[in-house]
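Enquirer: Pasting in a structure now, in structure tokens, and then I'll have a few things to ask.
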Amino acid sequence: QVQLVESGGGLVQPGGSLRLSCAASGSGLGIDVGSWHRQGPGKQRELVASITPGGNTNYADSVKGRFTISRDNAKNTMYLQMNSLKPEDTAVYYCKRLYGSRAYWGQGTQVTVSS
């Protein structure tokens, strides 16, 4: 069983930055495809960014150039650096780690962008 613990959310002003972390622990850790998703108020959950074991990345058009996904395989931790935040980035952010056919989700962390 794999457990994911997210951290780093909070309240930030427009134009500010936050870094989210997603630490994995437990048995069954290995090569995984990681991703960050978010669900804003009244919206469906959407994919924000993904990263392969080798470090190839993909981003939603709405965050390209502002967000950066990365990983530290030695620490089993994945990150999402969010810069130039906008009010429309307000959402609960979830990390997802896909180990083979098994997907695990973090508990979610609230990001609020407001002045």
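As shown in the structure tokens, the chain order sets the letters A, B, ...; within each chain, residues go from 1, and ligands are also counted from 1 in the order they appear.
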Skip segment 86-88 of chain A itself and residues of its chain fewer than 3 positions away, then list as a PyMOL selection string all residues within 7 Å of it, counting only C-alpha atoms.
Expert: chain A and resi 14-15+113-114
Enquirer: Only all heavy atoms, please: the residues just picked out, written as a short mmCIF file (atom, residue, chain, number, x, y, z; two decimals), in the first residue's frame.
Expert:
data_model
loop_
_atom_site.label_atom_id
_atom_site.label_comp_id
_atom_site.auth_asym_id
_atom_site.auth_seq_id
_atom_site.Cartn_x
_atom_site.Cartn_y
_atom_site.Cartn_z
N PRO A 14 -2.53 37.42 -5.76
CA PRO A 14 -2.28 37.28 -7.21
C PRO A 14 -0.86 37.70 -7.55
O PRO A 14 -0.35 38.70 -7.04
CB PRO A 14 -3.31 38.22 -7.83
CG PRO A 14 -4.43 38.23 -6.84
CD PRO A 14 -3.77 38.18 -5.49
N GLY A 15 -0.22 36.91 -8.41
CA GLY A 15 1.16 37.15 -8.78
C GLY A 15 2.16 36.44 -7.89
O GLY A 15 3.36 36.42 -8.20
N VAL A 113 -6.02 31.92 -4.19
CA VAL A 113 -5.33 33.10 -4.71
C VAL A 113 -6.30 34.27 -4.63
O VAL A 113 -7.30 34.32 -5.34
CB VAL A 113 -4.87 32.88 -6.17
CG1 VAL A 113 -4.06 34.08 -6.64
CG2 VAL A 113 -4.07 31.60 -6.28
N SER A 114 -5.98 35.18 -3.75
CA SER A 114 -6.90 36.28 -3.50
C SER A 114 -6.16 37.45 -2.87
O SER A 114 -5.20 37.26 -2.11
CB SER A 114 -8.03 35.83 -2.57
OG SER A 114 -8.87 36.92 -2.23
#
Enquirer: Residues of segment 2-53 of chain A that approach segment 70-84 of chain A to 8 Å or less, counting only C-alpha atoms: could you list each one with the shortest pair of atoms and its distance in Å to one decimal, rows by chain and increasing residue number, as a Markdown table?
Expert:
| residue | atom | partner | partner_atom | distance |
| --- | --- | --- | --- | --- |
| A:Pro14 | CA | A:Ser84 | CA | 6.9 |
| A:Gly15 | CA | A:Ser84 | CA | 4.1 |
| A:Gly16 | CA | A:Ser84 | CA | 5.5 |
| A:Ser17 | CA | A:Asn83 | CA | 4.4 |
| A:Leu18 | CA | A:Met82 | CA | 5.3 |
| A:Arg19 | CA | A:Gln81 | CA | 4.4 |
| A:Leu20 | CA | A:Leu80 | CA | 5.0 |
| A:Ser21 | CA | A:Tyr79 | CA | 4.5 |
| A:Cys22 | CA | A:Met78 | CA | 5.1 |
| A:Ala23 | CA | A:Thr77 | CA | 4.3 |
| A:Ala24 | CA | A:Asn76 | CA | 5.5 |
| A:Ser25 | CA | A:Asn76 | CA | 7.4 |
| A:Gly34 | CA | A:Met78 | CA | 7.3 |
| A:Trp36 | CA | A:Leu80 | CA | 7.5 |
| A:Ile51 | CA | A:Ser70 | CA | 7.1 |
Enquirer: Show me, as a VMD selection string, the residues that have an atom within 7 Å of segment 26-31 of chain A when counting only C-alpha atoms, minus same-chain residues fewer than 2 positions from it.
Expert: chain A and resid 1 to 3 53 99
Enquirer: Please, could you write that set of residues out with N, CA, C and O atoms as a PDB file, in the first residue's frame?
Expert:
ATOM      1  N   GLN A   1       0.844  -1.187   0.000  1.00  0.00           N
ATOM      2  CA  GLN A   1       0.000   0.000   0.000  1.00  0.00           C
ATOM      3  C   GLN A   1       0.889   1.251   0.000  1.00  0.00           C
ATOM      4  O   GLN A   1       1.905   1.297   0.683  1.00  0.00           O
ATOM      5  N   VAL A   2       0.473   2.230  -0.775  1.00  0.00           N
ATOM      6  CA  VAL A   2       1.222   3.475  -0.894  1.00  0.00           C
ATOM      7  C   VAL A   2       0.420   4.598  -0.268  1.00  0.00           C
ATOM      8  O   VAL A   2      -0.805   4.703  -0.471  1.00  0.00           O
ATOM      9  N   GLN A   3       1.081   5.424   0.506  1.00  0.00           N
ATOM     10  CA  GLN A   3       0.446   6.603   1.075  1.00  0.00           C
ATOM     11  C   GLN A   3       1.096   7.850   0.476  1.00  0.00           C
ATOM     12  O   GLN A   3       2.318   7.913   0.318  1.00  0.00           O
ATOM     13  N   PRO A  53       8.704   8.875 -15.298  1.00  0.00           N
ATOM     14  CA  PRO A  53       9.861   8.517 -14.474  1.00  0.00           C
ATOM     15  C   PRO A  53      11.152   9.149 -14.979  1.00  0.00           C
ATOM     16  O   PRO A  53      12.037   9.478 -14.175  1.00  0.00           O
ATOM     17  N   TYR A  99       1.496   3.633 -10.186  1.00  0.00           N
ATOM     18  CA  TYR A  99       2.490   2.567 -10.136  1.00  0.00           C
ATOM     19  C   TYR A  99       1.923   1.387 -10.913  1.00  0.00           C
ATOM     20  O   TYR A  99       1.069   0.645 -10.401  1.00  0.00           O
TER      21      TYR A  99
END
Enquirer: Tell me, in Å to one decimal, how far atom CA of Ser50 of chain A is from atom CA of Val12 of chain A.
Expert: 23.4 Å
Enquirer: Could you give me, as a list in words, the residues within 9 Å of Ser35 of chain A, counting only C-alpha atoms and dropping anything in the same chain fewer than 2 positions from it?
Expert: Val33, His37, Leu47, Val48, Ala49, Ser50, Ile51, Thr52, Ile69, Met78, Tyr94, Cys95, Lys96, Arg97 and Leu98 of chain A
Enquirer: Got a sec to tell me which of segment 31-115 of chain A DSSP assigns to strand (DSSP E or B), as number ranges by chain?
Expert: A: 33-39, 46-51, 57-59, 67-72, 77-82, 91-99, 102-105, 109-113
Enquirer: Counting only C-alpha atoms, which residue out of A:Thr68, A:Ser7, A:Asn56, A:Gln44 sits closest to Gln107 of chain A?
Expert: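 Of A:Thr68, A:Ser7, A:Asn56, A:Gln44, the one nearest Gln107 of chain A, counting only C-alpha atoms, is A:Ser7.
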Enquirer: Closest to Thr90 of chain A among A:Val111, A:Gly8, A:Gly55, A:Gln39, using only C-alpha atoms?
Expert: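 Result for the nearest residue to Thr90 of chain A: A:Val111.
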